[in-house]
>>> print(open('coords_17.csv').read())   # CSV, C-alpha atoms and all ligand atoms
chain,number,residue,atom,x,y,z
A,1,MET,CA,11.1,33.6,21.4
A,2,ARG,CA,8.1,35.6,20.3
A,3,GLU,CA,4.5,34.5,19.8
A,4,VAL,CA,1.7,35.9,17.6
A,5,THR,CA,-1.8,34.4,17.6
A,6,VAL,CA,-3.9,34.2,14.6
A,7,ASP,CA,-7.5,34.1,15.7
A,8,ILE,CA,-10.0,33.9,12.9
A,9,ASN,CA,-13.4,35.3,13.6
A,10,GLU,CA,-15.4,32.8,11.8
A,11,LYS,CA,-18.0,30.4,13.2
A,12,GLN,CA,-15.4,27.6,13.4
A,13,LYS,CA,-13.1,29.8,15.6
A,14,THR,CA,-9.7,28.8,14.2
A,15,SER,CA,-6.8,29.9,16.3
A,16,TYR,CA,-3.1,29.0,16.0
A,17,PRO,CA,0.2,30.3,17.1
A,18,ILE,CA,3.1,31.7,15.1
A,19,PHE,CA,6.4,31.4,17.0
A,20,ILE,CA,9.3,33.6,15.9
A,21,GLY,CA,12.9,33.4,17.0
A,22,GLU,CA,16.3,31.8,16.3
A,23,ASN,CA,17.1,28.1,16.3
A,24,LEU,CA,13.4,27.1,16.5
A,25,ILE,CA,13.7,24.3,13.9
A,26,GLU,CA,15.9,22.4,16.2
A,27,LYS,CA,13.1,22.2,18.7
A,28,ALA,CA,10.4,21.5,16.1
A,29,ASP,CA,9.4,18.2,17.8
A,30,GLU,CA,8.5,20.0,21.0
A,31,TYR,CA,6.2,22.4,19.2
A,32,LEU,CA,4.7,19.7,17.0
A,33,GLN,CA,3.8,17.5,20.1
A,34,LYS,CA,2.1,20.5,21.7
A,35,TYR,CA,0.3,22.1,18.8
A,36,CYS,CA,-0.1,19.4,16.1
A,37,LYS,CA,0.1,15.8,17.2
A,38,ALA,CA,0.0,13.4,14.3
A,39,SER,CA,0.3,9.8,13.4
A,40,LYS,CA,3.1,10.7,11.0
A,41,TYR,CA,4.7,14.0,9.7
A,42,PHE,CA,5.1,14.4,6.0
A,43,ILE,CA,7.8,17.1,5.3
A,44,ILE,CA,7.8,18.8,1.9
A,45,THR,CA,10.9,20.7,1.0
A,46,ASN,CA,13.4,21.2,-1.8
A,47,GLU,CA,17.0,20.1,-2.3
A,48,LYS,CA,18.4,23.6,-1.6
A,49,ILE,CA,16.7,24.1,1.7
A,50,ASN,CA,17.2,20.5,2.7
A,51,ASN,CA,21.0,20.8,2.1
A,52,LEU,CA,21.2,24.1,4.0
A,53,TRP,CA,18.9,23.4,6.9
A,54,GLY,CA,17.6,19.9,6.7
A,55,ASN,CA,20.0,18.4,9.2
A,56,LYS,CA,18.7,20.9,11.9
A,57,LEU,CA,15.1,19.8,11.4
A,58,ASN,CA,14.8,16.4,13.1
A,59,ILE,CA,11.2,15.4,13.4
A,60,GLU,CA,10.6,12.0,14.8
A,61,ASN,CA,8.3,9.7,12.9
A,62,SER,CA,8.5,11.7,9.7
A,63,GLU,CA,8.9,11.1,6.0
A,64,LYS,CA,10.6,13.7,3.7
A,65,PHE,CA,9.6,14.5,0.2
A,66,ILE,CA,11.8,16.6,-2.0
A,67,ILE,CA,10.1,18.7,-4.8
A,68,PRO,CA,12.0,20.7,-7.5
A,69,ASP,CA,12.9,24.3,-6.6
A,70,GLY,CA,11.1,27.2,-8.3
A,71,GLU,CA,7.9,29.0,-8.9
A,72,LYS,CA,7.4,27.1,-12.2
A,73,TYR,CA,7.0,23.9,-10.2
A,74,LYS,CA,4.1,25.3,-8.2
A,75,ASN,CA,1.9,23.4,-10.5
A,76,TYR,CA,-0.5,20.5,-10.9
A,77,GLU,CA,2.3,18.0,-11.6
A,78,THR,CA,4.1,18.7,-8.4
A,79,LEU,CA,0.8,18.8,-6.5
A,80,ILE,CA,-0.1,15.3,-7.8
A,81,SER,CA,3.4,14.0,-7.0
A,82,ILE,CA,2.9,15.1,-3.3
A,83,LEU,CA,-0.6,13.6,-3.1
A,84,ASP,CA,0.6,10.3,-4.7
A,85,LYS,CA,3.6,10.1,-2.4
A,86,ALA,CA,1.3,10.6,0.6
A,87,SER,CA,-0.9,7.8,-0.7
A,88,GLU,CA,2.0,5.5,-1.4
A,89,LEU,CA,3.2,6.0,2.2
A,90,LYS,CA,-0.4,5.2,3.3
A,91,LEU,CA,-0.6,8.4,5.4
A,92,ASP,CA,-3.8,8.4,7.3
A,93,ARG,CA,-6.2,11.2,8.2
A,94,LYS,CA,-4.3,11.8,11.5
A,95,SER,CA,-1.0,12.5,9.6
A,96,ALA,CA,0.2,16.1,9.2
A,97,PHE,CA,2.0,17.8,6.3
A,98,VAL,CA,4.9,20.1,7.1
A,99,ALA,CA,5.9,22.9,4.6
A,100,PHE,CA,9.6,23.5,5.1
A,101,GLY,CA,10.7,26.3,2.7
A,102,GLY,CA,9.7,29.5,1.1
A,103,GLY,CA,6.3,30.7,-0.2
A,104,VAL,CA,6.3,28.2,-3.1
A,105,ILE,CA,6.6,25.2,-0.7
A,106,GLY,CA,4.1,26.8,1.7
A,107,ASP,CA,1.5,27.4,-0.9
A,108,ILE,CA,1.6,24.0,-2.6
A,109,THR,CA,1.9,22.0,0.7
A,110,GLY,CA,-1.0,23.9,2.2
A,111,PHE,CA,-3.1,23.1,-0.8
A,112,ALA,CA,-2.1,19.4,-0.8
A,113,ALA,CA,-2.9,19.2,2.9
A,114,SER,CA,-6.3,20.8,2.3
A,115,ILE,CA,-7.4,18.1,-0.2
A,116,TYR,CA,-5.5,14.9,0.9
A,117,ARG,CA,-8.1,12.7,2.5
A,118,ARG,CA,-10.5,15.7,2.6
A,119,GLY,CA,-8.0,17.6,4.7
A,120,VAL,CA,-5.2,16.8,7.1
A,121,ASN,CA,-3.4,19.1,9.5
A,122,PHE,CA,-0.5,21.1,8.3
A,123,VAL,CA,2.3,23.2,9.8
A,124,GLN,CA,4.3,26.0,8.2
A,125,ILE,CA,8.1,26.2,8.7
A,126,PRO,CA,8.8,29.2,6.5
A,127,THR,CA,12.5,29.8,5.6
A,128,THR,CA,12.4,33.0,3.5
A,129,LEU,CA,11.7,36.5,4.8
A,130,LEU,CA,8.7,36.8,2.4
A,131,ALA,CA,7.3,33.5,3.7
A,132,GLN,CA,7.8,34.5,7.4
A,133,VAL,CA,6.2,37.9,7.1
A,134,ASP,CA,3.6,37.2,4.5
A,135,SER,CA,2.8,33.9,2.8
A,136,SER,CA,2.8,31.6,5.9
A,137,VAL,CA,0.3,33.7,7.6
A,138,GLY,CA,-3.4,33.8,6.6
A,139,GLY,CA,-4.1,30.5,5.1
A,140,LYS,CA,-4.1,31.2,1.3
A,141,THR,CA,-2.9,28.1,-0.5
A,142,ALA,CA,-2.4,27.7,-4.3
A,143,VAL,CA,-0.9,26.4,-7.4
A,144,ASN,CA,-0.5,28.1,-10.8
A,145,ASN,CA,-1.8,26.9,-14.1
A,146,SER,CA,-1.3,27.9,-17.7
A,147,TYR,CA,-4.0,30.6,-17.2
A,148,GLY,CA,-2.3,32.5,-14.4
A,149,LYS,CA,-0.7,32.5,-11.0
A,150,ASN,CA,-2.5,31.2,-7.9
A,151,LEU,CA,-5.7,30.5,-9.8
A,152,ILE,CA,-6.3,27.2,-8.1
A,153,GLY,CA,-6.3,27.0,-4.3
A,154,THR,CA,-8.1,27.0,-1.0
A,155,PHE,CA,-8.3,28.9,2.3
A,156,TYR,CA,-6.8,26.5,4.7
A,157,GLN,CA,-5.1,27.5,8.0
A,158,PRO,CA,-2.1,25.7,9.5
A,159,LYS,CA,-2.1,24.5,13.0
A,160,LEU,CA,1.2,26.1,13.8
A,161,VAL,CA,3.8,28.4,12.1
A,162,LEU,CA,7.4,28.1,13.2
A,163,ALA,CA,9.4,31.1,11.8
A,164,ASP,CA,13.1,30.4,12.6
A,165,THR,CA,14.8,33.7,11.7
A,166,LYS,CA,18.2,32.0,11.7
A,167,THR,CA,17.3,30.3,8.5
A,168,LEU,CA,17.2,33.8,6.8
A,169,THR,CA,21.0,34.1,7.2
A,170,THR,CA,21.5,31.9,4.0
A,171,LEU,CA,19.2,33.9,1.8
A,172,ASP,CA,20.8,36.0,-0.9
A,173,GLU,CA,20.4,39.7,-1.0
A,174,ARG,CA,17.7,39.7,-3.7
A,175,GLN,CA,15.6,37.2,-1.8
A,176,LEU,CA,15.9,39.3,1.3
A,177,LYS,CA,14.8,42.4,-0.5
A,178,THR,CA,11.8,40.7,-1.9
A,179,GLY,CA,10.7,40.2,1.7
A,180,PHE,CA,11.6,43.7,2.7
A,181,ALA,CA,9.3,45.1,0.1
A,182,GLU,CA,6.3,43.4,1.9
A,183,VAL,CA,7.7,44.6,5.3
A,184,VAL,CA,7.7,48.2,4.0
A,185,LYS,CA,4.2,47.7,2.8
A,186,TYR,CA,3.0,46.9,6.3
A,187,ALA,CA,4.5,50.2,7.6
A,188,PHE,CA,2.3,52.1,5.1
A,189,ILE,CA,-0.9,50.2,6.2
A,190,GLU,CA,-0.3,49.9,9.9
A,191,LYS,CA,-3.1,52.2,11.2
A,192,THR,CA,-5.7,50.8,8.8
A,193,CYS,CA,-4.9,47.3,10.1
A,194,ASP,CA,-6.1,48.7,13.4
A,195,CYS,CA,-4.5,46.1,15.7
A,196,GLY,CA,-1.8,47.9,17.6
A,197,ASN,CA,0.4,50.9,17.5
A,198,PHE,CA,3.9,49.9,16.4
A,199,ASN,CA,5.2,53.1,14.8
A,200,PHE,CA,6.6,50.7,12.2
A,201,LEU,CA,7.6,53.3,9.7
A,202,ASP,CA,9.8,55.1,12.1
A,203,PHE,CA,11.1,51.8,13.5
A,204,LEU,CA,12.3,50.8,10.0
A,205,SER,CA,13.8,54.2,9.2
A,206,ASN,CA,15.6,54.5,12.5
A,207,ASN,CA,17.1,51.0,12.4
A,208,ILE,CA,17.8,50.6,8.7
A,209,LEU,CA,21.5,49.9,9.1
A,210,GLU,CA,21.0,47.0,11.6
A,211,ILE,CA,18.1,45.7,9.6
A,212,LYS,CA,20.2,45.6,6.4
A,213,LYS,CA,23.0,43.9,8.3
A,214,LEU,CA,20.4,41.3,9.2
A,215,ASN,CA,20.9,41.8,12.9
A,216,LEU,CA,18.5,39.1,14.1
A,217,TYR,CA,17.2,41.1,17.1
A,218,TYR,CA,15.7,43.7,14.6
A,219,ILE,CA,14.7,41.0,12.2
A,220,ASN,CA,12.8,39.2,14.9
A,221,GLU,CA,11.0,42.4,15.7
A,222,ILE,CA,10.2,43.0,12.1
A,223,VAL,CA,8.8,39.5,11.6
A,224,GLU,CA,6.7,39.8,14.7
A,225,ILE,CA,5.2,43.2,13.9
A,226,SER,CA,4.5,42.1,10.3
A,227,CYS,CA,2.8,38.9,11.5
A,228,LYS,CA,0.8,40.9,14.0
A,229,LEU,CA,-0.4,43.3,11.3
A,230,LYS,CA,-1.2,40.6,8.8
A,231,ALA,CA,-2.9,38.5,11.5
A,232,GLY,CA,-4.9,41.5,12.6
A,233,VAL,CA,-6.3,41.9,9.1
A,234,VAL,CA,-6.9,38.2,8.4
A,235,ASN,CA,-8.7,37.9,11.7
A,236,LYS,CA,-11.2,40.4,10.6
A,237,ASP,CA,-11.5,39.3,7.0
A,238,GLU,CA,-10.2,35.8,6.3
A,239,LYS,CA,-11.6,35.4,2.8
A,240,GLU,CA,-10.9,38.9,1.4
A,241,ASN,CA,-14.4,40.3,1.3
A,242,GLY,CA,-13.2,43.7,2.2
A,243,LEU,CA,-10.4,44.8,4.5
A,244,ARG,CA,-7.9,42.1,3.5
A,245,ALA,CA,-7.5,43.9,0.1
A,246,ILE,CA,-5.3,46.5,1.8
A,247,LEU,CA,-2.6,43.9,2.0
A,248,ASN,CA,-2.3,44.4,-1.8
A,249,LEU,CA,-0.9,47.9,-1.4
A,250,GLY,CA,1.6,48.3,-4.3
A,251,HIS,CA,0.4,45.0,-5.9
A,252,THR,CA,-1.9,46.4,-8.6
A,253,TYR,CA,1.1,48.0,-10.3
A,254,GLY,CA,3.5,45.3,-9.1
A,255,HIS,CA,1.5,42.4,-10.6
A,256,ALA,CA,1.1,44.4,-13.9
A,257,LEU,CA,4.8,44.8,-14.0
A,258,GLU,CA,5.4,41.1,-13.4
A,259,LYS,CA,3.0,40.3,-16.1
A,260,CYS,CA,4.5,42.8,-18.6
A,261,SER,CA,8.0,41.3,-17.9
A,262,GLU,CA,6.6,37.8,-18.2
A,263,TYR,CA,7.7,37.0,-14.7
A,264,ASN,CA,11.3,36.8,-15.5
A,265,ILE,CA,12.9,40.2,-14.9
A,266,PHE,CA,11.8,41.3,-11.4
A,267,THR,CA,11.4,39.4,-8.2
A,268,HIS,CA,7.9,39.8,-6.7
A,269,GLY,CA,9.3,42.2,-4.1
A,270,GLU,CA,11.1,44.3,-6.6
A,271,ALA,CA,7.8,44.7,-8.5
A,272,VAL,CA,6.0,45.5,-5.3
A,273,ALA,CA,8.7,48.1,-4.3
A,274,ILE,CA,8.1,50.0,-7.6
A,275,GLY,CA,4.4,49.5,-7.1
A,276,LEU,CA,4.6,51.1,-3.6
A,277,GLN,CA,6.4,54.2,-5.1
A,278,VAL,CA,3.8,54.4,-7.8
A,279,CYS,CA,1.0,54.4,-5.2
A,280,PHE,CA,2.6,57.3,-3.4
A,281,ASP,CA,3.1,59.2,-6.7
A,282,LEU,CA,-0.5,58.6,-7.5
A,283,SER,CA,-1.8,59.6,-4.1
A,284,PHE,CA,0.3,62.8,-4.2
A,285,ALA,CA,-0.9,63.6,-7.7
A,286,LEU,CA,-4.5,63.2,-6.5
A,287,SER,CA,-3.8,65.4,-3.4
A,288,LEU,CA,-4.7,62.5,-1.1
A,289,ILE,CA,-1.5,63.0,0.9
A,290,ASP,CA,0.7,66.0,1.8
A,291,GLU,CA,4.3,66.5,0.7
A,292,ASN,CA,5.7,65.7,4.1
A,293,TYR,CA,4.3,62.2,4.1
A,294,TYR,CA,5.2,61.7,0.4
A,295,ASN,CA,8.8,62.6,1.1
A,296,LYS,CA,8.9,60.4,4.3
A,297,ALA,CA,7.6,57.4,2.5
A,298,THR,CA,9.8,57.9,-0.6
A,299,GLU,CA,12.8,58.1,1.7
A,300,LEU,CA,12.0,54.8,3.4
A,301,ILE,CA,11.6,53.0,0.1
A,302,ASN,CA,14.9,54.5,-1.0
A,303,LEU,CA,16.6,53.4,2.2
A,304,PHE,CA,16.1,49.8,1.3
A,305,GLU,CA,17.9,50.3,-2.0
A,306,PHE,CA,15.7,47.9,-4.0
A,307,ASN,CA,18.2,48.3,-7.0
A,308,LEU,CA,16.1,47.3,-9.9
A,309,PRO,CA,17.4,45.0,-12.6
A,310,GLU,CA,17.7,46.4,-16.2
A,311,HIS,CA,14.3,46.4,-17.8
A,312,PRO,CA,12.6,47.7,-20.9
A,313,TYR,CA,10.3,50.7,-20.8
A,314,TYR,CA,6.6,49.7,-20.3
A,315,SER,CA,4.2,52.3,-21.7
A,316,PRO,CA,1.2,53.4,-19.5
A,317,ASP,CA,-1.2,51.7,-21.9
A,318,LYS,CA,0.7,48.4,-21.6
A,319,ILE,CA,0.7,48.6,-17.8
A,320,ILE,CA,-2.9,49.6,-17.6
A,321,SER,CA,-4.0,46.7,-19.9
A,322,ALA,CA,-2.0,44.3,-17.7
A,323,MET,CA,-3.7,45.8,-14.6
A,324,LYS,CA,-7.1,44.9,-16.1
A,325,PHE,CA,-6.1,41.2,-16.0
A,326,ASP,CA,-5.6,41.3,-12.3
A,327,LYS,CA,-8.0,39.2,-10.2
A,328,LYS,CA,-8.8,42.4,-8.2
A,329,VAL,CA,-10.5,44.1,-11.2
A,330,LYS,CA,-14.2,44.6,-10.5
A,331,ASP,CA,-16.7,45.3,-13.3
A,332,GLY,CA,-13.7,46.4,-15.5
A,333,LYS,CA,-12.6,48.9,-12.9
A,334,ILE,CA,-9.1,48.8,-11.6
A,335,ILE,CA,-8.8,48.7,-7.9
A,336,PHE,CA,-6.1,50.8,-6.2
A,337,ILE,CA,-5.2,50.8,-2.6
A,338,LEU,CA,-3.8,54.2,-2.0
A,339,PRO,CA,-2.2,56.0,1.0
A,340,THR,CA,-4.4,58.8,2.5
A,341,LYS,CA,-2.5,59.6,5.7
A,342,GLU,CA,0.6,58.3,7.5
A,343,GLY,CA,0.0,54.5,8.0
A,344,GLU,CA,-3.5,54.7,6.5
A,345,VAL,CA,-4.8,53.5,3.1
A,346,LYS,CA,-8.2,53.4,1.4
A,347,ILE,CA,-9.5,51.4,-1.5
A,348,PHE,CA,-10.3,53.3,-4.7
A,349,ASP,CA,-12.0,52.0,-7.9
A,350,ASN,CA,-12.5,55.3,-9.8
A,351,ILE,CA,-9.1,56.8,-10.3
A,352,ASP,CA,-9.0,59.6,-12.9
A,353,LYS,CA,-7.6,58.1,-16.1
A,354,ASN,CA,-5.5,61.1,-17.1
A,355,ILE,CA,-3.8,61.4,-13.8
A,356,LEU,CA,-3.1,57.6,-13.7
A,357,HIS,CA,-1.7,57.9,-17.2
A,358,ASN,CA,0.6,60.8,-16.3
A,359,VAL,CA,1.9,59.1,-13.2
A,360,LEU,CA,2.8,56.0,-15.2
A,361,LEU,CA,4.6,57.9,-18.0
A,401,LIG,N1,-0.2,32.4,0.4
A,401,LIG,C1,0.0,33.7,0.5
A,401,LIG,O1,-0.7,34.4,1.2
A,401,LIG,C2,1.1,34.3,-0.3
A,401,LIG,C3,1.5,35.6,-0.1
A,401,LIG,C4,2.6,36.1,-0.8
A,401,LIG,C5,3.3,35.2,-1.7
A,401,LIG,N2,2.9,34.0,-1.9
A,401,LIG,C6,3.6,33.0,-2.8
A,401,LIG,O2,4.9,32.9,-2.3
A,401,LIG,C7,5.8,32.5,-3.4
A,401,LIG,C8,7.1,33.3,-3.3
A,401,LIG,O3,7.7,32.9,-2.1
A,401,LIG,P1,9.3,33.1,-1.8
A,401,LIG,O4,9.6,34.5,-2.2
A,401,LIG,O5,9.6,32.6,-0.5
A,401,LIG,O6,9.9,32.2,-3.0
A,401,LIG,P2,10.5,30.7,-3.1
A,401,LIG,O7,9.6,29.8,-2.2
A,401,LIG,O8,10.6,30.4,-4.5
A,401,LIG,O9,11.9,30.9,-2.4
A,401,LIG,C9,12.9,31.7,-3.1
A,401,LIG,C10,14.2,30.9,-3.2
A,401,LIG,O10,14.8,30.9,-2.0
A,401,LIG,C11,15.2,29.5,-1.7
A,401,LIG,N3,15.3,29.4,-0.2
A,401,LIG,C12,14.2,29.2,0.6
A,401,LIG,N4,14.7,29.3,1.9
A,401,LIG,C13,16.0,29.5,1.8
A,401,LIG,C14,17.0,29.8,2.8
A,401,LIG,N5,16.7,29.8,4.1
A,401,LIG,N6,18.3,30.0,2.4
A,401,LIG,C15,18.6,30.1,1.1
A,401,LIG,N7,17.7,29.9,0.1
A,401,LIG,C16,16.4,29.6,0.5
A,401,LIG,C17,14.2,28.7,-2.4
A,401,LIG,O11,14.7,27.4,-2.6
A,401,LIG,C18,14.0,29.5,-3.7
A,401,LIG,O12,15.0,29.2,-4.6
A,401,LIG,C19,5.0,32.8,-4.7
A,401,LIG,O13,4.6,31.6,-5.2
A,401,LIG,C20,3.8,33.6,-4.2
A,401,LIG,O14,2.6,33.4,-5.0
A,401,LIG,C21,1.8,33.5,-1.2
A,402,ZN,ZN,3.2,40.4,-2.3
>>> encode(input="coords_17.csv", output="structure tokens", more="lines below")
Ligand SMILES: NC(=O)c1ccc[n+]([C@@H]2O[C@H](COP(=O)([O-])OP(=O)(O)OC[C@H]3O[C@@H](n4cnc5c(N)ncnc54)[C@H](O)[C@@H]3O)[C@@H](O)[C@H]2O)c1
Ligand SMILES: [Zn+2]
Amino acid sequence: MREVTVDINEKQKTSYPIFIGENLIEKADEYLQKYCKASKYFIITNEKINNLWGNKLNIENSEKFIIPDGEKYKNYETLISILDKASELKLDRKSAFVAFGGGVIGDITGFAASIYRRGVNFVQIPTTLLAQVDSSVGGKTAVNNSYGKNLIGTFYQPKLVLADTKTLTTLDERQLKTGFAEVVKYAFIEKTCDCGNFNFLDFLSNNILEIKKLNLYYINEIVEISCKLKAGVVNKDEKENGLRAILNLGHTYGHALEKCSEYNIFTHGEAVAIGLQVCFDLSFALSLIDENYYNKATELINLFEFNLPEHPYYSPDKIISAMKFDKKVKDGKIIFILPTKEGEVKIFDNIDKNILHNVLL
């Protein structure tokens, strides 16, 4: 069992552990007693996860609430149903919410916990690779509304994250790859995160076969390194005033592609995987990186075989106008996180329009 600590450098000094390993959900009670004692535990999950893994998660003194599965249910209606159920159960301020599922469950449960009775404790038990390496770490909570994704939410840190990598064995290939895209992203920002030397890029390249076979020794290692890198960034910049933006490598293009395809062709990770390649193409075109690193990075992206679904051609103009809708746009300028050296990235807001246009052709 591995442990990573999130230690946020704000006045309130929030600190909590992330435990990573196999068969952790069976011991959830022990962890809860130690890190998040509560008058009652309110578990939020969906039917699919509950059918697959619910019988392993036996938390004493708990109530379970099933919400519908899917991003489209990360909305006000589901949020209200969670809050109303908590009220109906008369959960008090000492109760704790438990998010048992992927990023959708984590985001909405965290948000509900942050506003129920002005905030009750909450715990993340992430069951997708994306949730284990990304969304369960760092305290961003959210729901979507008709104006866009994640527009309504809070920064609210859990008391504990239990990442049971055994649960990843029931994910389908597409869901796994969506997590791998974020993992590859960490390899490209490792040095800028400035919180340890993991040689993550080489680790991923050298062990690709075992990783793709979902050998859990390697998966545990990957989840641990990813959490350390994300925690390292969040510890320095919880509310995304600066450094945290580097976690969006590949996302300027990725989000634009998701928007152009109306969120129903690509998974988030597939869009990010293309976005990562676009960043390397752009950096190379701008002479920010040499050919060696360009080839090494491209090779790693290819090793994961993100196999994109059939999709229409999106013109540079269409992509660029979608990019301008992104929350990261500042004064009408598109923000790009671009590689500058192996494992290093910088934030740019003045990319040459012609070069950008040519790369997107
Ligand atoms: N808060 C953050 O910092 C942050 C970061 C990145 C993404 N997100 C959010 O995360 C969400 C995406 O998360 P996701 O990719 O986990 O999607 P998801 O939560 O929709 O899960 C994907 C699918 O996998 C199923 N599933 C979950 N665990 C499973 C398991 N062990 N076996 C089989 N199936 C399982 C789910 O029921 C769902 O159908 C988005 O809403 C995104 O906005 C948040
Ligand atoms: Zn992402």
>>> residues_near_ligand(input="coords_17.csv", ligand="ligand LIG 401 (chain A)", cutoff="8 Å", atoms="all atoms listed in the file", output="PyMOL selection string")
chain A and resi 46-49+52-53+69-71+74+101-107+126-131+134-143+149-150+167-172+175+178-179+267-269
>>> closest_residue(input="coords_17.csv", among="A:Val123, A:Ile82, A:Ile320, A:Ala181", to="ligand ZN 402 (chain A)", atoms="only C-alpha atoms and all ligand atoms")
A:Ala181
>>> atom_distance(input="coords_17.csv", atom1="CA of Arg93 in chain A", atom2="CA of Gly110 in chain A")
15.0 Å
>>> residues_around(input="coords_17.csv", residues="Phe180 in chain A", least_positions_apart="2", cutoff="12 Å", atoms="all atoms listed in the file", output="ChimeraX atom specification")
/A:128-134,173-178,182-187,204,208,211-212,214,219,222-223,226,267-273,276,300-306
>>> closest_residue(input="coords_17.csv", among="A:Asp331, A:Glu30, A:Asp317, A:Asp7", to="Asp237 in chain A", atoms="only C-alpha atoms")
A:Asp7
>>> closest_residue(input="coords_17.csv", among="A:Lys346, A:Lys228, A:Lys166, A:Lys56", to="Ala245 in chain A", atoms="all atoms listed in the file")
A:Lys346
>>> atom_distance(input="coords_17.csv", atom1="CA of Asn350 in chain A", atom2="CA of Asn295 in chain A")
25.0 Å
>>> closest_residue(input="coords_17.csv", among="A:Val98, A:Lys27, A:Ile189, A:Gly119", to="Val233 in chain A", atoms="only C-alpha atoms")
A:Ile189
>>> atom_distance(input="coords_17.csv", atom1="CA of Lys64 in chain A", atom2="CA of Leu79 in chain A")
15.0 Å
>>> residues_near_point(input="coords_17.csv", point="(1.8, 62.8, -5.6)", cutoff="12 Å", atoms="all atoms listed in the file", output="compact mmCIF listing (two decimals) with C-alpha atoms, in the coordinates of the input")
# COMPACT_ATOMS: atom_id res chain seq x y z
CA GLN A 277 6.40 54.20 -5.10
CA VAL A 278 3.80 54.40 -7.80
CA CYS A 279 1.00 54.40 -5.20
CA PHE A 280 2.60 57.30 -3.40
CA ASP A 281 3.10 59.20 -6.70
CA LEU A 282 -0.50 58.60 -7.50
CA SER A 283 -1.80 59.60 -4.10
CA PHE A 284 0.30 62.80 -4.20
CA ALA A 285 -0.90 63.60 -7.70
CA LEU A 286 -4.50 63.20 -6.50
CA SER A 287 -3.80 65.40 -3.40
CA LEU A 288 -4.70 62.50 -1.10
CA ILE A 289 -1.50 63.00 0.90
CA ASP A 290 0.70 66.00 1.80
CA GLU A 291 4.30 66.50 0.70
CA ASN A 292 5.70 65.70 4.10
CA TYR A 293 4.30 62.20 4.10
CA TYR A 294 5.20 61.70 0.40
CA ASN A 295 8.80 62.60 1.10
CA ALA A 297 7.60 57.40 2.50
CA THR A 298 9.80 57.90 -0.60
CA LEU A 338 -3.80 54.20 -2.00
CA PRO A 339 -2.20 56.00 1.00
CA THR A 340 -4.40 58.80 2.50
CA ILE A 355 -3.80 61.40 -13.80
CA LEU A 356 -3.10 57.60 -13.70
CA ASN A 358 0.60 60.80 -16.30
CA VAL A 359 1.90 59.10 -13.20
CA LEU A 360 2.80 56.00 -15.20
>>> closest_residue(input="coords_17.csv", among="A:Thr109, A:Ser315, A:Asn248, A:Asn307", to="ligand ZN 402 (chain A)", atoms="only C-alpha atoms and all ligand atoms")
A:Asn248
>>> closest_residue(input="coords_17.csv", among="A:Ile18, A:Leu151, A:Cys36, A:Val120", to="Ile225 in chain A", atoms="only C-alpha atoms")
A:Ile18
>>> residues_around(input="coords_17.csv", residues="Phe188 in chain A", least_positions_apart="4", cutoff="7 Å", atoms="only C-alpha atoms", output="number ranges by chain")
A: 184, 342-344
>>> residues_near_point(input="coords_17.csv", point="(9.5, 21.6, 1.5)", cutoff="7 Å", atoms="only C-alpha atoms", output="list in words")
Ile43, Ile44, Thr45, Asn46, Ile66, Ile67, Ala99, Phe100, Gly101 and Ile105 of chain A
